[in-house]
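Asks: Before I ask anything, here is the structure I am working with.
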Amino acid sequence: MLIKIKNVIVSVVYVFVLIYLLIFIPSFWGQKPLVVISGSMEPTLKVGSLLYYHEQDLDKFNENDILVYRSKKHTISHRIIERIEDGFITKGDANPTNDSMVVNNDQVLGKATTWCIPYLGLYADFIYTHKYILFITVLLLIIDLGFDFYRKHKSMEVIDNEEKS
């Protein structure tokens, strides 16, 4: 009974680690994850969602694209309202007015996708801010795999010894 409980717990942990790794797989193709932390872009981007963005030449941005840029404290994703000589005028979809600050070209991180994965950002943010949990979990999974390998190896030795007898 104890082994069954352990197997269920380990299976759940494997799923959580797998989900965390899947979050970062698009990074291999230049898609960087971003957690939506405010409601300024709702209903397009919901709070707690995971959004992906990619680097893009400044010349290729158009009005209505979702621009990802770095402010003093945060990474922000807002829609481009207008392109000006040295940057962009942006606005959150849920905001009644344009942003007061012009986004300078050197603040731009990339262009966001128009879709996001609901609630997955909450999980990614929790694990990212508590990295020690991920490290401990991976360590426990490695130890579990080692014990499973050891048990299988021992049972194979017992079978071999019985066959020789």
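For the structure tokens, the naming scheme is as follows: chains receive sequential letters (A, B, ...) according to their order of presentation, residues are indexed from 1 within each chain, and ligands are indexed from 1 in presentation order.
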Show which residues sit within 8 Å of Thr114 in chain A, as a list in words. Count only C-alpha atoms, and ignore same-chain residues fewer than 2 positions away.
Replies: Thr44, Ile66, Ala112 and Cys116 of chain A
Asks: For Leu51 in chain A, find every residue with an atom within 8 Å (counting only C-alpha atoms), except residues of its own chain fewer than 2 positions away, and show them as a PDB file with N, CA, C and O atoms, in the first residue's frame.
Replies:
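Ended up saving to part24.pdb:
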```pdb
ATOM      1  N   PRO A  33       8.829  32.892 -22.714  1.00  0.00           N
ATOM      2  CA  PRO A  33       7.595  32.966 -21.919  1.00  0.00           C
ATOM      3  C   PRO A  33       7.531  34.234 -21.080  1.00  0.00           C
ATOM      4  O   PRO A  33       8.544  34.768 -20.648  1.00  0.00           O
ATOM      5  N   LEU A  34       6.310  34.696 -20.881  1.00  0.00           N
ATOM      6  CA  LEU A  34       6.062  35.867 -20.052  1.00  0.00           C
ATOM      7  C   LEU A  34       4.749  35.646 -19.316  1.00  0.00           C
ATOM      8  O   LEU A  34       3.750  35.265 -19.933  1.00  0.00           O
ATOM      9  N   VAL A  35       4.745  35.875 -18.019  1.00  0.00           N
ATOM     10  CA  VAL A  35       3.529  35.734 -17.222  1.00  0.00           C
ATOM     11  C   VAL A  35       2.779  37.064 -17.232  1.00  0.00           C
ATOM     12  O   VAL A  35       3.356  38.116 -16.961  1.00  0.00           O
ATOM     13  N   VAL A  36       1.499  37.009 -17.562  1.00  0.00           N
ATOM     14  CA  VAL A  36       0.651  38.200 -17.562  1.00  0.00           C
ATOM     15  C   VAL A  36       0.272  38.503 -16.112  1.00  0.00           C
ATOM     16  O   VAL A  36      -0.374  37.682 -15.460  1.00  0.00           O
ATOM     17  N   LEU A  45      -5.501  39.066 -23.108  1.00  0.00           N
ATOM     18  CA  LEU A  45      -4.521  38.392 -22.249  1.00  0.00           C
ATOM     19  C   LEU A  45      -5.036  38.431 -20.818  1.00  0.00           C
ATOM     20  O   LEU A  45      -5.094  39.493 -20.203  1.00  0.00           O
ATOM     21  N   SER A  49      -2.058  34.210 -17.121  1.00  0.00           N
ATOM     22  CA  SER A  49      -1.804  33.429 -18.332  1.00  0.00           C
ATOM     23  C   SER A  49      -0.323  33.456 -18.679  1.00  0.00           C
ATOM     24  O   SER A  49       0.426  34.311 -18.223  1.00  0.00           O
ATOM     25  N   TYR A  53       6.589  35.553 -26.518  1.00  0.00           N
ATOM     26  CA  TYR A  53       6.991  36.632 -27.420  1.00  0.00           C
ATOM     27  C   TYR A  53       8.324  36.280 -28.053  1.00  0.00           C
ATOM     28  O   TYR A  53       9.045  35.408 -27.580  1.00  0.00           O
ATOM     29  N   ALA A 112       4.609  39.969 -29.137  1.00  0.00           N
ATOM     30  CA  ALA A 112       3.896  38.887 -28.455  1.00  0.00           C
ATOM     31  C   ALA A 112       2.974  38.161 -29.420  1.00  0.00           C
ATOM     32  O   ALA A 112       2.506  38.718 -30.408  1.00  0.00           O
ATOM     33  N   THR A 113       2.726  36.905 -29.085  1.00  0.00           N
ATOM     34  CA  THR A 113       1.708  36.161 -29.807  1.00  0.00           C
ATOM     35  C   THR A 113       0.343  36.719 -29.400  1.00  0.00           C
ATOM     36  O   THR A 113       0.231  37.406 -28.389  1.00  0.00           O
ATOM     37  N   TRP A 115      -2.154  34.826 -28.605  1.00  0.00           N
ATOM     38  CA  TRP A 115      -2.803  33.822 -27.770  1.00  0.00           C
ATOM     39  C   TRP A 115      -1.953  33.612 -26.526  1.00  0.00           C
ATOM     40  O   TRP A 115      -0.771  33.933 -26.504  1.00  0.00           O
ATOM     41  N   CYS A 116      -2.581  33.095 -25.507  1.00  0.00           N
ATOM     42  CA  CYS A 116      -1.860  32.778 -24.284  1.00  0.00           C
ATOM     43  C   CYS A 116      -2.517  31.559 -23.641  1.00  0.00           C
ATOM     44  O   CYS A 116      -3.638  31.206 -23.968  1.00  0.00           O
ATOM     45  N   ILE A 117      -1.789  30.936 -22.729  1.00  0.00           N
ATOM     46  CA  ILE A 117      -2.287  29.736 -22.064  1.00  0.00           C
ATOM     47  C   ILE A 117      -2.795  30.136 -20.679  1.00  0.00           C
ATOM     48  O   ILE A 117      -2.006  30.537 -19.820  1.00  0.00           O
ATOM     49  N   GLY A 121       0.651  30.531 -16.338  1.00  0.00           N
ATOM     50  CA  GLY A 121       1.600  31.530 -15.862  1.00  0.00           C
ATOM     51  C   GLY A 121       1.705  31.560 -14.349  1.00  0.00           C
ATOM     52  O   GLY A 121       2.772  31.814 -13.789  1.00  0.00           O
TER      53      GLY A 121
END
```
Asks: Can you measure CA of Ser40 in chain A to CA of His78 in chain A for me? One decimal in Å is fine.
Replies: 7.8 Å
Asks: Enumerate, as JSON, numbers by chain, the complete set of residues in chain A that a backbone-based DSSP assignment places in strand (DSSP E).
Replies: {"A": [32, 33, 34, 35, 50, 51, 52, 53, 54, 66, 67, 68, 69, 70, 75, 76, 77, 78, 79, 80, 81, 82, 83, 84, 87, 88, 89, 90, 91, 103, 104, 108, 109, 110, 111, 112, 113, 114, 115, 116, 117]}
Asks: For CA of Gly92 in chain A and CA of His74 in chain A, determine how far apart the two atoms are, in Å to one decimal place.
Replies: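 Separating CA of Gly92 in chain A from CA of His74 in chain A is a distance of 14.5 Å.
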Asks: Using CA of Thr137 in chain A and CA of Phe24 in chain A as the two end points, give the distance in Å to one decimal.
Replies: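 Here the two named atoms are 17.4 Å from each other.
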Asks: Would you give me, as number ranges by chain, the residues in range 58-151 of chain A that DSSP reads as alpha helix (DSSP H)?
Replies: A: 120-129, 131-151
Asks: Produce a file of the selected residues containing N, CA and C atoms, as a tab-separated table (two decimals), in the first residue's frame.
Replies:
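Here's the written file part-v9.tsv:
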```
chain	number	residue	atom	x	y	z
A	120	LEU	N	-1.54	28.94	-16.65
A	120	LEU	CA	-0.22	28.29	-16.62
A	120	LEU	C	0.86	29.25	-16.14
A	121	GLY	N	0.65	30.53	-16.34
A	121	GLY	CA	1.60	31.53	-15.86
A	121	GLY	C	1.70	31.56	-14.35
A	122	LEU	N	0.60	31.29	-13.66
A	122	LEU	CA	0.62	31.25	-12.20
A	122	LEU	C	1.56	30.14	-11.72
A	123	TYR	N	1.45	28.99	-12.36
A	123	TYR	CA	2.31	27.85	-12.00
A	123	TYR	C	3.77	28.18	-12.33
A	124	ALA	N	4.01	28.70	-13.53
A	124	ALA	CA	5.38	29.03	-13.94
A	124	ALA	C	6.00	30.07	-13.02
A	125	ASP	N	5.22	31.07	-12.65
A	125	ASP	CA	5.72	32.12	-11.77
A	125	ASP	C	6.04	31.57	-10.38
A	126	PHE	N	5.17	30.70	-9.86
A	126	PHE	CA	5.41	30.12	-8.54
A	126	PHE	C	6.72	29.31	-8.54
A	127	ILE	N	6.87	28.45	-9.54
A	127	ILE	CA	8.09	27.64	-9.59
A	127	ILE	C	9.32	28.51	-9.83
A	128	TYR	N	9.19	29.51	-10.69
A	128	TYR	CA	10.33	30.38	-11.00
A	128	TYR	C	10.77	31.16	-9.76
A	129	THR	N	9.83	31.61	-8.95
A	129	THR	CA	10.19	32.37	-7.76
A	129	THR	C	10.57	31.47	-6.59
A	131	LYS	N	12.59	28.47	-6.94
A	131	LYS	CA	13.40	27.52	-7.71
A	131	LYS	C	13.88	26.35	-6.86
A	132	TYR	N	14.07	26.57	-5.60
A	132	TYR	CA	14.54	25.50	-4.74
A	132	TYR	C	13.57	24.32	-4.75
A	133	ILE	N	12.26	24.59	-4.91
A	133	ILE	CA	11.28	23.51	-4.98
A	133	ILE	C	11.55	22.64	-6.21
A	134	LEU	N	11.85	23.29	-7.34
A	134	LEU	CA	12.15	22.54	-8.56
A	134	LEU	C	13.41	21.69	-8.37
A	135	PHE	N	14.44	22.27	-7.78
A	135	PHE	CA	15.68	21.53	-7.57
A	135	PHE	C	15.48	20.34	-6.63
A	136	ILE	N	14.75	20.57	-5.55
A	136	ILE	CA	14.48	19.48	-4.60
A	136	ILE	C	13.66	18.39	-5.28
A	137	THR	N	12.66	18.79	-6.07
A	137	THR	CA	11.81	17.83	-6.75
A	137	THR	C	12.62	16.99	-7.73
A	138	VAL	N	13.46	17.64	-8.52
A	138	VAL	CA	14.29	16.91	-9.48
A	138	VAL	C	15.24	15.97	-8.75
A	139	LEU	N	15.81	16.42	-7.64
A	139	LEU	CA	16.69	15.57	-6.84
A	139	LEU	C	15.94	14.35	-6.31
A	140	LEU	N	14.74	14.56	-5.80
A	140	LEU	CA	13.94	13.43	-5.31
A	140	LEU	C	13.59	12.45	-6.43
A	141	LEU	N	13.29	12.98	-7.60
A	141	LEU	CA	12.98	12.11	-8.74
A	141	LEU	C	14.21	11.29	-9.16
A	142	ILE	N	15.37	11.91	-9.12
A	142	ILE	CA	16.60	11.18	-9.45
A	142	ILE	C	16.86	10.08	-8.42
A	143	ILE	N	16.67	10.41	-7.15
A	143	ILE	CA	16.84	9.41	-6.10
A	143	ILE	C	15.84	8.28	-6.28
A	144	ASP	N	14.58	8.61	-6.59
A	144	ASP	CA	13.56	7.58	-6.82
A	144	ASP	C	13.94	6.69	-8.00
A	145	LEU	N	14.41	7.29	-9.06
A	145	LEU	CA	14.84	6.49	-10.22
A	145	LEU	C	16.01	5.57	-9.85
A	146	GLY	N	16.92	6.09	-9.04
A	146	GLY	CA	18.05	5.28	-8.58
A	146	GLY	C	17.59	4.09	-7.76
A	147	PHE	N	16.65	4.31	-6.84
A	147	PHE	CA	16.14	3.21	-6.03
A	147	PHE	C	15.38	2.19	-6.88
A	148	ASP	N	14.59	2.68	-7.84
A	148	ASP	CA	13.88	1.77	-8.74
A	148	ASP	C	14.88	0.91	-9.52
A	149	PHE	N	15.92	1.55	-10.03
A	149	PHE	CA	16.94	0.81	-10.78
A	149	PHE	C	17.62	-0.22	-9.87
A	150	TYR	N	17.93	0.18	-8.64
A	150	TYR	CA	18.59	-0.72	-7.69
A	150	TYR	C	17.70	-1.92	-7.38
A	151	ARG	N	16.39	-1.66	-7.13
A	151	ARG	CA	15.46	-2.75	-6.84
A	151	ARG	C	15.33	-3.71	-8.01
```
Asks: Between A:Phe88, A:Tyr119, A:Trp29, A:Tyr14, which residue has the minimum interatomic distance to Glu63 in chain A, considering only C-alpha atoms?
Replies: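 That would be A:Phe88, the residue with the smallest distance to Glu63 in chain A.
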Asks: So, with only C-alpha atoms as the atoms that count, which of A:Asn64, A:Gln56, A:Ser155, A:Ser38 lies closest to Ala94 in chain A?
Replies: A:Ser38
Asks: Extract, using only C-alpha atoms, all DNA, RNA and protein residues at most 9 Å from Ser100 in chain A, discarding same-chain residues fewer than 3 positions from it, and format them as a PDB file with N, CA, C and O atoms, in the first residue's frame.
Replies:
```
ATOM      1  N   ILE A  89       3.708  54.415 -29.279  1.00  0.00           N
ATOM      2  CA  ILE A  89       2.662  54.778 -28.334  1.00  0.00           C
ATOM      3  C   ILE A  89       1.836  53.516 -28.156  1.00  0.00           C
ATOM      4  O   ILE A  89       1.408  52.893 -29.133  1.00  0.00           O
ATOM      5  N   THR A  90       1.628  53.130 -26.911  1.00  0.00           N
ATOM      6  CA  THR A  90       0.947  51.870 -26.621  1.00  0.00           C
ATOM      7  C   THR A  90      -0.257  52.106 -25.721  1.00  0.00           C
ATOM      8  O   THR A  90      -0.425  53.184 -25.137  1.00  0.00           O
ATOM      9  N   LYS A  91      -1.069  51.057 -25.617  1.00  0.00           N
ATOM     10  CA  LYS A  91      -2.251  51.113 -24.764  1.00  0.00           C
ATOM     11  C   LYS A  91      -2.657  49.692 -24.412  1.00  0.00           C
ATOM     12  O   LYS A  91      -2.609  48.799 -25.252  1.00  0.00           O
ATOM     13  N   THR A  97      -7.301  54.964 -21.829  1.00  0.00           N
ATOM     14  CA  THR A  97      -6.441  55.928 -22.532  1.00  0.00           C
ATOM     15  C   THR A  97      -5.100  55.284 -22.896  1.00  0.00           C
ATOM     16  O   THR A  97      -4.718  54.247 -22.347  1.00  0.00           O
TER      17      THR A  97
END
```
